[in-house]
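Below is one structure, written out as structure tokens, with a few remarks after it.
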Amino acid sequence: MSRISKTRIAKGALKAGLFAACSTISLSAGGGVALAQSEAANADSADVIVVTSRRREESLQDVPIAVTAYSGEALEAAGALDLTALQLTTPNTTLEVSRGSNSTITPFIRGVGQQDPVAGFEQGVGIYVDDIYINRPQGAVLEIYDVERIEVLRGPQGTLYGRNTIGGAIKYVTRRLNPEEPEVRLLARGGSYAQADVIGTVSLPLTDTLRVGGSVGYFHRNGFGDNLFLDGVENYNKEILAGRFSVEFEPNENFFFRVAGDYLNDDSDPRQGHRLIDGQFTPGAFPVLDNVFDTRAGLNEPRQEVQTRGLSGLAEWYVTDEITIKNILAYRDGWSESPIDFDSLPIADLDVPVRYEDDQFSEEFQIIYEGDRLQGLVGFYYLDARAFNIFESILGTLTELSSPPLTGLRIGDVNTKTWAVFGDFTYSLTDELSISFGGRYTEDERTALVVDQLFIGAGTGLLTGPPGTLLSTDTNQTFNETFTDFSPRASITWEPTDDLTIYASYSQGFKGGGFDPRGDVDTVPDGNNDGFVDDAEINAFIGFEPEEVDTYELGVKKSLWDNRYTSSFAFFYSDYANVQIPGSVGVDADGDGIAEDFAGVTTNAAEARILGIEYEGNALLYEAERGGGLNARWSLGWIDAEYQEFIGPDGTDVSDERFFQNTPEWSASVYATWSQPFGIAKHEGDLALTSGFSYRSFTNNFEVETPLDQPGYVLFDASLVWTSTDGRWQVGVHGKNLTDKEYIVAGYDFFTIPPFLGLEGTLTAFYGNPRQIFGTVGVQF
């Protein structure tokens, strides 16, 4: 199995108490930070907390990166449900379910991200499952089950993780199988909104060298609201079936092979928005609903469904005590269909049904070296990926003006072929002082087919309705561009004592360029004023360049008073260049003064600077003689993100009027846990009561002010969990958002932000989860 070098283990043994007390972070019942207190109290040399933030195994304390590691056991004990729970206790991090979807993720870290999930746009935060990059956001709101740990890396990770990690990376690491004896784990949850989750995990050694296993999870919850127009359709419900399987072969201590597969089927009802305004064309016909989770959305075609699946192979060869060779081969694909009703009305004022498809093949080869003073790796990476989307923009209420309904059809078919070579090394100048350096060269080829057509009729027959009559084809063109980049990284680390680590680092990352899949050639301006739009002008208008971030960071990780107080602190400053700004313009196809459609316009319009701090800590306030005690933990993030240049549509600098989206200035959490020995029916165990809150300040949902912006809010959570001493049983009660706070996480605004689409007006909001109370029972055989 994978291992740390003898030098690292010896060094880690000296710091084990610090790692256990400061670095093993988990979620409380409501998503709050909670430390595994028993680990802190009983730390020994076996408690070295290992992460792979730099693609090689290291103790967390030694890594010159701002990283938060959540252990799988504590996540399970806390009742953490999916990745979005992590945002409440990870500084300067936003993880939300995207608007109009149930399982598409919108991640932002340190002000960098992307909330538009269509083909052609890349994420600014990389999602990795067992070191395999998930190329698309659809289906990436991962349920938390059978997980060893989750690492949240903040700041650009371009050197080791490549393109599209300029904000950071999230590493979801699944458990490996038990090599010694059969193991069965069962977990059941039940609670409000008829929540009923069941997860079963099996690990079965067939021989001394071969084992098989897997997990299956069924996740059910009734809707937080209802669709008041469509009978039997709920809103914000959950109906997910997911599973993983693996086969592991370990012929001897020097070789390890793993074949793993995963599958997810999300059969939840469409997630539609809550209108914030009455109908504008027919006032009084559609008053604002009382329940923010209810909707009147009339679109229910195509049928809502999401499927993803993957297959991977991992090979590790421990050539010597110092050299390891690793190879990761993977294939993934997925598809989803969704009837997104932008206006959330029973009439087709602005309906956008969509279908997404994606597939990817990746290969990564690494050589890892772990010497006494030099550690590092070199590697090669290749990705061949396709992302496809087709969506219709149905503006049916034009019939109210004696006009036929019109439908715009958009097709984006984007192929990506990218390869990279990379290396990263750490050299210990002395026992206390080390330097790290690395770099990555990437060649990134993008080919995009962009189609834009306008049909007469409510639908085209491809996604909804009978086949319409083609009125015009404005765009049917293939674009191609190759981008290259070199991303360097360097750091210096000073460890004057076993309880103190100080580091300074520089890192760079880039997000791939491409072509707007919603582009319309007819909207390309005549930049040369020669009465003709040539191919160069079309490519420049439809395409956009990569964006880059250069980040400088100073960090301190500290332990005091025999590990009763532990903390990590980071200050960062980032220069953000060539920022990609997705936008759209209305298209008046027939010259009647009304926009019948919209077209995408994405530009590298902005330059920005970002600075901030991150502070996480834990304090053992009271330790009882008979075990247990009182533990407090906290997280704090502050960020000042400011555009220094933002070129508006008219060519002027509007940076003073633009804001960073999904980036609250302040994010914080404080949680406390009281634990004590408590036996149940002759079973010895520990009872832990956790309570606390998380806070997020005012948040802009777009680059401009809108009614969808969310004022600051606080969420209160609590949990009560009993765990048997032998680890076999765990019973808990968890409460999230106990005050039932309503808060907006996403939305559509074509009412106050141009283009103004839909006669009735489109201003719809999506909300975070309401109060939920649920119980959990877990057993291991």
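In the structure tokens, chains take letters A, B, ... by order of appearance, with residues numbered from 1 within each chain and ligands from 1 in the order shown.
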
So that I can check the surroundings of Leu264 (chain A), please list as a JSON list (two decimals) with all heavy atoms, in the first residue's frame every protein, DNA and RNA residue that reaches within 9 Å of it, counting only C-alpha atoms and ignoring chain neighbours fewer than 3 positions away.
[["chain", "number", "residue", "atom", "x", "y", "z"],
["A", 139, "GLY", "N", -23.48, 16.74, -12.16],
["A", 139, "GLY", "CA", -23.33, 15.55, -11.33],
["A", 139, "GLY", "C", -22.21, 15.63, -10.32],
["A", 139, "GLY", "O", -21.86, 14.62, -9.70],
["A", 240, "ILE", "N", -31.83, 9.92, -5.56],
["A", 240, "ILE", "CA", -30.52, 9.60, -6.12],
["A", 240, "ILE", "C", -30.14, 8.17, -5.77],
["A", 240, "ILE", "O", -30.29, 7.74, -4.62],
["A", 240, "ILE", "CB", -29.44, 10.57, -5.59],
["A", 240, "ILE", "CG1", -29.69, 11.99, -6.12],
["A", 240, "ILE", "CG2", -28.04, 10.10, -5.98],
["A", 240, "ILE", "CD1", -28.73, 13.01, -5.60],
["A", 241, "LEU", "N", -29.65, 7.46, -6.75],
["A", 241, "LEU", "CA", -29.04, 6.15, -6.56],
["A", 241, "LEU", "C", -27.59, 6.25, -7.01],
["A", 241, "LEU", "O", -27.31, 6.66, -8.13],
["A", 241, "LEU", "CB", -29.78, 5.07, -7.36],
["A", 241, "LEU", "CG", -29.20, 3.66, -7.28],
["A", 241, "LEU", "CD1", -29.32, 3.11, -5.86],
["A", 241, "LEU", "CD2", -29.89, 2.73, -8.28],
["A", 242, "ALA", "N", -26.67, 5.88, -6.12],
["A", 242, "ALA", "CA", -25.24, 6.01, -6.43],
["A", 242, "ALA", "C", -24.50, 4.77, -5.93],
["A", 242, "ALA", "O", -24.92, 4.12, -4.97],
["A", 242, "ALA", "CB", -24.65, 7.27, -5.80],
["A", 243, "GLY", "N", -23.40, 4.47, -6.57],
["A", 243, "GLY", "CA", -22.62, 3.32, -6.16],
["A", 243, "GLY", "C", -21.19, 3.39, -6.63],
["A", 243, "GLY", "O", -20.86, 4.10, -7.60],
["A", 244, "ARG", "N", -20.33, 2.68, -5.92],
["A", 244, "ARG", "CA", -18.93, 2.53, -6.30],
["A", 244, "ARG", "C", -18.52, 1.08, -6.08],
["A", 244, "ARG", "O", -19.03, 0.42, -5.18],
["A", 244, "ARG", "CB", -18.01, 3.41, -5.44],
["A", 244, "ARG", "CG", -18.29, 4.88, -5.51],
["A", 244, "ARG", "CD", -17.16, 5.69, -4.86],
["A", 244, "ARG", "NE", -17.54, 7.07, -4.71],
["A", 244, "ARG", "CZ", -17.97, 7.62, -3.59],
["A", 244, "ARG", "NH1", -18.05, 6.87, -2.49],
["A", 244, "ARG", "NH2", -18.31, 8.88, -3.54],
["A", 306, "VAL", "N", -30.28, 12.92, -14.49],
["A", 306, "VAL", "CA", -28.83, 13.08, -14.59],
["A", 306, "VAL", "C", -28.19, 11.72, -14.36],
["A", 306, "VAL", "O", -28.54, 11.00, -13.42],
["A", 306, "VAL", "CB", -28.30, 14.08, -13.53],
["A", 306, "VAL", "CG1", -26.77, 14.21, -13.64],
["A", 306, "VAL", "CG2", -28.96, 15.43, -13.67],
["A", 307, "GLN", "N", -27.24, 11.37, -15.23],
["A", 307, "GLN", "CA", -26.48, 10.14, -15.05],
["A", 307, "GLN", "C", -25.00, 10.42, -15.27],
["A", 307, "GLN", "O", -24.63, 11.14, -16.20],
["A", 307, "GLN", "CB", -26.94, 9.04, -16.01],
["A", 307, "GLN", "CG", -28.28, 8.44, -15.70],
["A", 307, "GLN", "CD", -28.58, 7.20, -16.54],
["A", 307, "GLN", "OE1", -27.70, 6.64, -17.19],
["A", 307, "GLN", "NE2", -29.84, 6.78, -16.52],
["A", 308, "THR", "N", -24.17, 9.88, -14.40],
["A", 308, "THR", "CA", -22.73, 9.92, -14.60],
["A", 308, "THR", "C", -22.15, 8.55, -14.27],
["A", 308, "THR", "O", -22.72, 7.81, -13.46],
["A", 308, "THR", "CB", -22.04, 10.98, -13.71],
["A", 308, "THR", "OG1", -22.20, 10.62, -12.33],
["A", 308, "THR", "CG2", -22.63, 12.35, -13.93],
["A", 309, "ARG", "N", -21.03, 8.21, -14.88],
["A", 309, "ARG", "CA", -20.37, 6.95, -14.58],
["A", 309, "ARG", "C", -18.89, 7.08, -14.92],
["A", 309, "ARG", "O", -18.49, 7.92, -15.73],
["A", 309, "ARG", "CB", -21.00, 5.80, -15.38],
["A", 309, "ARG", "CG", -20.94, 6.00, -16.88],
["A", 309, "ARG", "CD", -21.68, 4.90, -17.62],
["A", 309, "ARG", "NE", -21.55, 5.09, -19.07],
["A", 309, "ARG", "CZ", -22.06, 4.26, -19.97],
["A", 309, "ARG", "NH1", -22.75, 3.20, -19.59],
["A", 309, "ARG", "NH2", -21.90, 4.51, -21.27]]

Return as JSON, numbers by chain the full set of residues in region 332-402 of chain A whose backbone-based DSSP assignment is strand (DSSP E or B). {"A": [332, 333, 334, 335, 336, 337, 338, 339, 340, 341, 351, 352, 353, 354, 355, 356, 357, 358, 359, 360, 361, 362, 363, 364, 365, 366, 367, 368, 369, 370, 374, 375, 376, 377, 378, 379, 380, 381, 382, 383, 384, 385, 386, 387, 388, 389, 390, 391, 392, 393, 394, 395]}

Between A:His734, A:Arg696, A:Arg373, A:Lys417, which one has atoms that come closest to Phe361 (chain A), using only C-alpha atoms? A:Lys417

Selected residue, from A:Trp494, A:Tyr193, A:Trp674, A:Phe365, that lies nearest to Tyr381 (chain A) when counting only C-alpha atoms: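 Smallest separation from Tyr381 (chain A) among the options: A:Phe365.
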
Between A:Ala330, A:Ile581, A:Leu689, A:Leu377, which is the closest to Glu122 (chain A) once you count only C-alpha atoms?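 Of A:Ala330, A:Ile581, A:Leu689, A:Leu377, the one nearest Glu122 (chain A), counting only C-alpha atoms, is A:Ile581.
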
Would you list, as a PDB file with N, CA, C and O atoms, in the first residue's frame, the residues of region 517-736 of chain A that end up in alpha helix (DSSP H) under DSSP run on this structure's backbone?
ATOM      1  N   ASP A 535     -13.110  36.799 -40.721  1.00  0.00           N
ATOM      2  CA  ASP A 535     -12.968  35.645 -39.822  1.00  0.00           C
ATOM      3  C   ASP A 535     -12.194  35.997 -38.569  1.00  0.00           C
ATOM      4  O   ASP A 535     -12.486  35.473 -37.479  1.00  0.00           O
ATOM      5  N   ALA A 536     -11.180  36.854 -38.688  1.00  0.00           N
ATOM      6  CA  ALA A 536     -10.398  37.234 -37.509  1.00  0.00           C
ATOM      7  C   ALA A 536     -11.272  37.950 -36.487  1.00  0.00           C
ATOM      8  O   ALA A 536     -11.157  37.718 -35.273  1.00  0.00           O
ATOM      9  N   GLU A 537     -12.170  38.819 -36.959  1.00  0.00           N
ATOM     10  CA  GLU A 537     -13.061  39.527 -36.047  1.00  0.00           C
ATOM     11  C   GLU A 537     -14.068  38.571 -35.412  1.00  0.00           C
ATOM     12  O   GLU A 537     -14.405  38.694 -34.233  1.00  0.00           O
ATOM     13  N   ILE A 538     -14.544  37.590 -36.190  1.00  0.00           N
ATOM     14  CA  ILE A 538     -15.482  36.603 -35.653  1.00  0.00           C
ATOM     15  C   ILE A 538     -14.810  35.759 -34.579  1.00  0.00           C
ATOM     16  O   ILE A 538     -15.363  35.546 -33.494  1.00  0.00           O
ATOM     17  N   ASN A 539     -13.596  35.266 -34.875  1.00  0.00           N
ATOM     18  CA  ASN A 539     -12.877  34.434 -33.901  1.00  0.00           C
ATOM     19  C   ASN A 539     -12.592  35.214 -32.620  1.00  0.00           C
ATOM     20  O   ASN A 539     -12.701  34.667 -31.511  1.00  0.00           O
ATOM     21  N   ALA A 540     -12.205  36.473 -32.757  1.00  0.00           N
ATOM     22  CA  ALA A 540     -11.886  37.279 -31.581  1.00  0.00           C
ATOM     23  C   ALA A 540     -13.137  37.550 -30.746  1.00  0.00           C
ATOM     24  O   ALA A 540     -13.064  37.618 -29.514  1.00  0.00           O
ATOM     25  N   PHE A 541     -14.302  37.685 -31.396  1.00  0.00           N
ATOM     26  CA  PHE A 541     -15.527  37.996 -30.676  1.00  0.00           C
ATOM     27  C   PHE A 541     -16.127  36.763 -30.016  1.00  0.00           C
ATOM     28  O   PHE A 541     -16.559  36.803 -28.863  1.00  0.00           O
ATOM     29  N   ILE A 542     -16.155  35.640 -30.722  1.00  0.00           N
ATOM     30  CA  ILE A 542     -16.726  34.408 -30.176  1.00  0.00           C
ATOM     31  C   ILE A 542     -15.767  33.764 -29.170  1.00  0.00           C
ATOM     32  O   ILE A 542     -16.188  33.143 -28.196  1.00  0.00           O
TER      33      ILE A 542
END

Set the distance at 8 Å and use only C-alpha atoms: which residues neighbour region 555-558 of chain A once local chain neighbours fewer than 6 positions away are removed? I'd like the list as number ranges by chain. A: 61, 64-66, 499-504, 566-571

File of the preceding selection, all heavy atoms, as a short mmCIF file (atom, residue, chain, number, x, y, z; two decimals), in the first residue's frame:
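File written: again.cif
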data_model
loop_
_atom_site.label_atom_id
_atom_site.label_comp_id
_atom_site.auth_asym_id
_atom_site.auth_seq_id
_atom_site.Cartn_x
_atom_site.Cartn_y
_atom_site.Cartn_z
N GLN A 61 1.04 19.16 8.28
CA GLN A 61 1.75 20.27 8.87
C GLN A 61 2.92 20.73 8.01
O GLN A 61 3.32 21.89 8.07
CB GLN A 61 2.26 19.90 10.27
CG GLN A 61 2.92 21.03 11.04
CD GLN A 61 1.92 22.08 11.50
OE1 GLN A 61 0.73 21.90 11.33
NE2 GLN A 61 2.43 23.16 12.05
N PRO A 64 3.30 23.52 2.48
CA PRO A 64 3.22 24.98 2.40
C PRO A 64 2.05 25.43 1.54
O PRO A 64 2.19 26.19 0.57
CB PRO A 64 4.57 25.36 1.78
CG PRO A 64 4.91 24.20 0.91
CD PRO A 64 4.38 22.98 1.62
N ILE A 65 0.87 24.97 1.87
CA ILE A 65 -0.36 25.26 1.15
C ILE A 65 -1.47 25.46 2.17
O ILE A 65 -1.51 24.77 3.19
CB ILE A 65 -0.74 24.11 0.18
CG1 ILE A 65 0.33 23.92 -0.90
CG2 ILE A 65 -2.10 24.36 -0.48
CD1 ILE A 65 0.08 22.70 -1.77
N ALA A 66 -2.39 26.37 1.90
CA ALA A 66 -3.58 26.52 2.75
C ALA A 66 -4.55 25.40 2.38
O ALA A 66 -5.16 25.43 1.31
CB ALA A 66 -4.22 27.89 2.53
N ASP A 499 6.54 22.43 16.87
CA ASP A 499 5.20 22.98 17.04
C ASP A 499 4.95 24.22 16.18
O ASP A 499 3.91 24.86 16.32
CB ASP A 499 4.98 23.37 18.51
CG ASP A 499 5.08 22.16 19.43
OD1 ASP A 499 4.75 21.06 18.97
OD2 ASP A 499 5.52 22.33 20.58
N LEU A 500 5.86 24.56 15.29
CA LEU A 500 5.71 25.79 14.52
C LEU A 500 6.21 25.58 13.09
O LEU A 500 7.33 25.11 12.88
CB LEU A 500 6.49 26.94 15.18
CG LEU A 500 6.48 28.28 14.45
CD1 LEU A 500 5.06 28.83 14.36
CD2 LEU A 500 7.40 29.28 15.15
N THR A 501 5.36 25.94 12.13
CA THR A 501 5.73 25.91 10.71
C THR A 501 5.38 27.26 10.10
O THR A 501 4.25 27.73 10.23
CB THR A 501 4.98 24.79 9.97
OG1 THR A 501 5.32 23.53 10.52
CG2 THR A 501 5.32 24.80 8.49
N ILE A 502 6.35 27.87 9.45
CA ILE A 502 6.16 29.16 8.77
C ILE A 502 6.57 28.98 7.32
O ILE A 502 7.62 28.40 7.02
CB ILE A 502 7.00 30.27 9.43
CG1 ILE A 502 6.62 30.42 10.91
CG2 ILE A 502 6.81 31.60 8.70
CD1 ILE A 502 7.54 31.37 11.67
N TYR A 503 5.73 29.46 6.41
CA TYR A 503 6.08 29.31 4.99
C TYR A 503 5.69 30.57 4.21
O TYR A 503 4.79 31.32 4.59
CB TYR A 503 5.39 28.09 4.38
CG TYR A 503 3.89 28.19 4.25
CD1 TYR A 503 3.30 28.77 3.12
CD2 TYR A 503 3.05 27.71 5.25
CE1 TYR A 503 1.92 28.87 3.00
CE2 TYR A 503 1.66 27.80 5.14
CZ TYR A 503 1.11 28.39 4.01
OH TYR A 503 -0.26 28.48 3.89
N ALA A 504 6.39 30.78 3.13
CA ALA A 504 6.05 31.81 2.15
C ALA A 504 6.08 31.15 0.78
O ALA A 504 6.98 30.36 0.49
CB ALA A 504 7.04 32.97 2.21
N THR A 566 -4.27 24.82 18.78
CA THR A 566 -3.62 24.64 17.48
C THR A 566 -4.30 25.55 16.48
O THR A 566 -5.51 25.83 16.58
CB THR A 566 -3.70 23.19 17.00
OG1 THR A 566 -5.08 22.79 16.96
CG2 THR A 566 -2.93 22.26 17.92
N SER A 567 -3.55 26.03 15.51
CA SER A 567 -4.13 26.96 14.55
C SER A 567 -3.32 26.96 13.26
O SER A 567 -2.16 26.54 13.23
CB SER A 567 -4.18 28.38 15.12
OG SER A 567 -2.86 28.87 15.32
N SER A 568 -3.95 27.45 12.23
CA SER A 568 -3.27 27.72 10.96
C SER A 568 -3.75 29.07 10.46
O SER A 568 -4.94 29.41 10.56
CB SER A 568 -3.56 26.63 9.93
OG SER A 568 -4.94 26.57 9.64
N PHE A 569 -2.82 29.86 9.94
CA PHE A 569 -3.11 31.21 9.47
C PHE A 569 -2.45 31.41 8.11
O PHE A 569 -1.33 30.96 7.88
CB PHE A 569 -2.57 32.25 10.46
CG PHE A 569 -2.68 33.68 9.97
CD1 PHE A 569 -3.84 34.41 10.20
CD2 PHE A 569 -1.63 34.27 9.29
CE1 PHE A 569 -3.94 35.71 9.73
CE2 PHE A 569 -1.73 35.57 8.82
CZ PHE A 569 -2.89 36.29 9.05
N ALA A 570 -3.17 32.07 7.20
CA ALA A 570 -2.60 32.37 5.89
C ALA A 570 -3.02 33.76 5.45
O ALA A 570 -4.19 34.16 5.63
CB ALA A 570 -3.06 31.34 4.87
N PHE A 571 -2.08 34.50 4.90
CA PHE A 571 -2.34 35.77 4.24
C PHE A 571 -1.98 35.61 2.77
O PHE A 571 -0.93 35.05 2.44
CB PHE A 571 -1.53 36.91 4.84
CG PHE A 571 -1.54 38.17 4.00
CD1 PHE A 571 -2.62 39.04 4.07
CD2 PHE A 571 -0.51 38.45 3.12
CE1 PHE A 571 -2.66 40.18 3.28
CE2 PHE A 571 -0.53 39.59 2.33
CZ PHE A 571 -1.61 40.46 2.41
#

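Among the candidates A:Leu449, A:Ala387, A:Val51, A:Ile109, the one nearest to Ile610 (chain A) when counting only C-alpha atoms is A:Ile109.
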
State, in Å with one decimal place, the distance from CA of Arg275 (chain A) to CA of Leu409 (chain A). 24.8 Å

Distance in Å - CA of Asn227 (chain A) versus CA of Pro137 (chain A):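 Calculated distance between CA of Asn227 (chain A) and CA of Pro137 (chain A) is 25.7 Å.
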
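Across A:Glu239, A:Glu495, A:Glu545, A:Glu337, the tightest approach to Leu463 (chain A) is made by A:Glu337 when counting only C-alpha atoms.
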
Non-local contacts of Asp686 (chain A) (9 Å; only C-alpha atoms; under 3 positions in same chain excluded) as a VMD selection string: chain A and resid 627 to 628 675 to 679 721 to 725

Those same residues - N, CA, C and O atoms - I'd like them written as a CSV table (one decimal), in the first residue's frame.
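The resulting file, out.csv, is shown below:
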chain,number,residue,atom,x,y,z
A,627,GLY,N,-12.2,11.4,31.1
A,627,GLY,CA,-12.3,11.4,29.7
A,627,GLY,C,-13.3,12.5,29.2
A,627,GLY,O,-14.2,12.9,30.0
A,628,GLY,N,-13.2,12.9,28.0
A,628,GLY,CA,-14.1,13.9,27.4
A,628,GLY,C,-13.7,15.3,27.9
A,628,GLY,O,-12.6,15.5,28.4
A,675,SER,N,-18.1,16.5,25.3
A,675,SER,CA,-18.1,15.1,25.2
A,675,SER,C,-17.8,14.5,26.6
A,675,SER,O,-17.1,15.0,27.4
A,676,GLN,N,-18.4,13.3,26.8
A,676,GLN,CA,-18.1,12.6,28.1
A,676,GLN,C,-18.5,11.1,27.9
A,676,GLN,O,-19.2,10.7,27.0
A,677,PRO,N,-17.8,10.2,28.7
A,677,PRO,CA,-18.1,8.8,28.6
A,677,PRO,C,-19.6,8.5,28.9
A,677,PRO,O,-20.1,9.1,29.8
A,678,PHE,N,-20.2,7.6,28.1
A,678,PHE,CA,-21.6,7.4,28.4
A,678,PHE,C,-21.9,6.0,27.8
A,678,PHE,O,-21.7,5.7,26.6
A,679,GLY,N,-22.4,5.1,28.7
A,679,GLY,CA,-22.7,3.7,28.3
A,679,GLY,C,-24.1,3.5,28.0
A,679,GLY,O,-25.0,4.2,28.6
A,721,VAL,N,-24.4,13.0,19.3
A,721,VAL,CA,-23.9,11.7,18.7
A,721,VAL,C,-23.3,10.9,19.8
A,721,VAL,O,-22.5,11.3,20.6
A,722,TRP,N,-23.7,9.6,19.8
A,722,TRP,CA,-23.1,8.6,20.7
A,722,TRP,C,-22.4,7.6,19.8
A,722,TRP,O,-22.9,7.1,18.8
A,723,THR,N,-21.1,7.3,20.2
A,723,THR,CA,-20.3,6.4,19.5
A,723,THR,C,-19.8,5.3,20.5
A,723,THR,O,-19.2,5.7,21.5
A,724,SER,N,-19.9,4.0,20.1
A,724,SER,CA,-19.4,3.0,21.0
A,724,SER,C,-17.9,3.0,21.0
A,724,SER,O,-17.3,3.3,20.0
A,725,THR,N,-17.4,2.5,22.1
A,725,THR,CA,-15.9,2.6,22.3
A,725,THR,C,-15.2,1.7,21.2
A,725,THR,O,-14.1,2.0,20.7

Determine, counting only C-alpha atoms, which protein, DNA and RNA residues have an atom within 7 Å of an atom of Asp197 (chain A); residues of the same chain fewer than 4 positions away are not included. Present the result as a PyMOL selection string. chain A and resi 188-190+218-220

Output all heavy atoms for every residue in the selection just made, as a tab-separated table (two decimals), in the first residue's frame.
chain	number	residue	atom	x	y	z
A	188	ALA	N	-27.97	4.40	8.05
A	188	ALA	CA	-29.33	4.81	7.70
A	188	ALA	C	-29.60	6.19	8.29
A	188	ALA	O	-29.20	6.49	9.41
A	188	ALA	CB	-30.35	3.80	8.22
A	189	ARG	N	-30.29	7.02	7.51
A	189	ARG	CA	-30.70	8.35	7.97
A	189	ARG	C	-32.19	8.51	7.72
A	189	ARG	O	-32.72	8.04	6.71
A	189	ARG	CB	-29.97	9.47	7.23
A	189	ARG	CG	-28.47	9.47	7.29
A	189	ARG	CD	-27.94	10.77	6.70
A	189	ARG	NE	-26.51	10.74	6.44
A	189	ARG	CZ	-25.97	10.58	5.24
A	189	ARG	NH1	-26.77	10.46	4.18
A	189	ARG	NH2	-24.66	10.56	5.08
A	190	GLY	N	-32.86	9.22	8.60
A	190	GLY	CA	-34.27	9.52	8.41
A	190	GLY	C	-34.64	10.78	9.15
A	190	GLY	O	-34.12	11.05	10.24
A	218	TYR	N	-28.68	4.95	-1.49
A	218	TYR	CA	-29.95	5.47	-1.98
A	218	TYR	C	-30.30	6.68	-1.12
A	218	TYR	O	-30.35	6.59	0.12
A	218	TYR	CB	-31.05	4.41	-1.88
A	218	TYR	CG	-32.44	4.94	-2.17
A	218	TYR	CD1	-32.79	5.35	-3.45
A	218	TYR	CD2	-33.38	5.05	-1.15
A	218	TYR	CE1	-34.06	5.85	-3.70
A	218	TYR	CE2	-34.66	5.55	-1.39
A	218	TYR	CZ	-34.99	5.95	-2.68
A	218	TYR	OH	-36.24	6.44	-2.93
A	219	PHE	N	-30.55	7.82	-1.77
A	219	PHE	CA	-30.77	9.07	-1.06
A	219	PHE	C	-32.12	9.65	-1.50
A	219	PHE	O	-32.32	10.00	-2.67
A	219	PHE	CB	-29.65	10.07	-1.37
A	219	PHE	CG	-28.27	9.51	-1.14
A	219	PHE	CD1	-27.59	8.88	-2.17
A	219	PHE	CD2	-27.66	9.57	0.10
A	219	PHE	CE1	-26.31	8.34	-1.98
A	219	PHE	CE2	-26.40	9.04	0.31
A	219	PHE	CZ	-25.73	8.43	-0.73
A	220	HIS	N	-33.03	9.74	-0.53
A	220	HIS	CA	-34.39	10.20	-0.83
A	220	HIS	C	-34.78	11.33	0.12
A	220	HIS	O	-34.47	11.29	1.32
A	220	HIS	CB	-35.39	9.05	-0.68
A	220	HIS	CG	-36.82	9.52	-0.68
A	220	HIS	ND1	-37.54	9.71	-1.84
A	220	HIS	CD2	-37.66	9.86	0.34
A	220	HIS	CE1	-38.75	10.14	-1.53
A	220	HIS	NE2	-38.86	10.24	-0.22

Distance CA of Arg221 (chain A)-CA of Asp717 (chain A), one decimal place?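 If I compute the distance from CA of Arg221 (chain A) to CA of Asp717 (chain A), I get 19.6 Å.
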
So that I can see what lies close to Pro770 (chain A), please list as a list in words the residues with an atom at most 12 Å from it, counting only C-alpha atoms and leaving out residues fewer than 3 positions away in the same chain.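 The contact residues come out as Gly30, Ser192, Tyr193, Gly223, Phe224, Gly225, Tyr236, Asn291, Val292, Phe293, Leu715, Phe716, Asp717, Gly735, Lys736, Asn737, Leu738, Thr739, Asp740, Lys741, Glu742, Tyr743, Ile744, Phe766, Tyr767 and Ile773 of chain A.
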
Hey, can you spit out that residue selection with C-alpha atoms as a CSV table (one decimal), in the first residue's frame?
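What follows is the written file again_5.csv:
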chain,number,residue,atom,x,y,z
A,30,GLY,CA,-24.9,21.4,10.5
A,192,SER,CA,-37.8,15.9,8.1
A,193,TYR,CA,-39.2,16.1,4.6
A,223,GLY,CA,-39.4,18.5,-1.8
A,224,PHE,CA,-39.0,21.5,0.4
A,225,GLY,CA,-41.8,22.9,-1.7
A,236,TYR,CA,-36.2,20.7,-4.2
A,291,ASN,CA,-43.3,29.8,0.2
A,292,VAL,CA,-40.0,30.5,-1.4
A,293,PHE,CA,-39.6,26.8,-2.2
A,715,LEU,CA,-26.9,29.5,10.3
A,716,PHE,CA,-27.2,27.7,13.6
A,717,ASP,CA,-26.6,24.0,13.9
A,735,GLY,CA,-30.1,19.7,13.1
A,736,LYS,CA,-29.2,22.1,10.3
A,737,ASN,CA,-30.3,25.7,9.9
A,738,LEU,CA,-32.2,25.5,13.2
A,739,THR,CA,-33.7,29.0,12.8
A,740,ASP,CA,-35.1,28.2,9.4
A,741,LYS,CA,-33.2,31.1,7.8
A,742,GLU,CA,-34.2,31.9,4.1
A,743,TYR,CA,-31.2,32.8,2.0
A,744,ILE,CA,-30.6,33.1,-1.8
A,766,PHE,CA,-33.0,29.7,-5.7
A,767,TYR,CA,-32.6,29.2,-1.9
A,773,ILE,CA,-33.8,17.5,11.5

Excluding same-chain residues fewer than 6 positions from Asp485 (chain A), what lies within 12 Å of it counting only C-alpha atoms, as a ChimeraX atom specification? /A:158-159,162-163,418-422,439-445,508-513,545-548

Looking at only C-alpha atoms, which of A:Val184, A:Ser268, A:Leu406, A:Pro488 is the one that sits closest to Leu350 (chain A)? A:Leu406
